[in-house]
Amino acid sequence: MPMIDQGEKDDKIIVVCADDPEYRYYKDIKELPPHRLAEIRRFFEDYPLYRFSNKNENKVAVSEFLPAEEAIEAIKYSMDLYASYIVESLRQ
């Protein structure tokens, strides 16, 4: 789920436990009931209100949910970025 938090890109990957009896048959977020998607969105829109004492201090922007394929690509990209970081830190 693409998101902006404190003016910076802060994408979220929405996952569930494969053994959870309520969610184990879902393979993509678009399969979830609309009310569940609304709850997830609302959580990410509201959590800064509780995280900061000044409620205007942190604004978030939550975009539409993306398909699982895009989440997998984002995870692969992050893993590659992390691997590059580790290699660079070992060279120092």
# chains A, B, ... in the order shown; residues from 1 in each chain; ligands from 1
>>> residues_around(residues="A:Pro33", least_positions_apart="6", cutoff="12 Å", atoms="only C-alpha atoms", output="PDB file with C-alpha atoms, in the first residue's frame")
ATOM      1  CA  GLU A  22     -10.044 -16.356   8.793  1.00  0.00           C
ATOM      2  CA  TYR A  23      -7.484 -15.276   6.196  1.00  0.00           C
ATOM      3  CA  TYR A  26      -6.877 -15.116   0.581  1.00  0.00           C
ATOM      4  CA  GLU A  39     -10.526  -0.851   8.513  1.00  0.00           C
ATOM      5  CA  ILE A  40      -6.934  -1.308   7.313  1.00  0.00           C
TER       6      ILE A  40
END
>>> closest_residue(among="A:Ala68, A:Val60, A:Met79, A:Pro48", to="A:Lys9", atoms="only C-alpha atoms")
A:Val60
>>> residues_around(residues="A:Val16", least_positions_apart="2", cutoff="12 Å", atoms="only C-alpha atoms", output="count of residues only")
15
>>> closest_residue(among="A:Ile72, A:Leu66, A:Ala83, A:Ile4", to="A:Leu37", atoms="only C-alpha atoms")
A:Leu66
>>> select_by_dssp(residues="chain A", states="strand (DSSP E or B)", output="number ranges by chain")
A: 3-5, 8-9, 60-62
>>> select_by_dssp(residues="chain A", states="alpha helix (DSSP H)", output="number ranges by chain")
A: 34-51, 68-91
>>> closest_residue(among="A:Tyr85, A:Glu64, A:Arg42, A:Gly7", to="A:Lys30", atoms="only C-alpha atoms")
A:Glu64
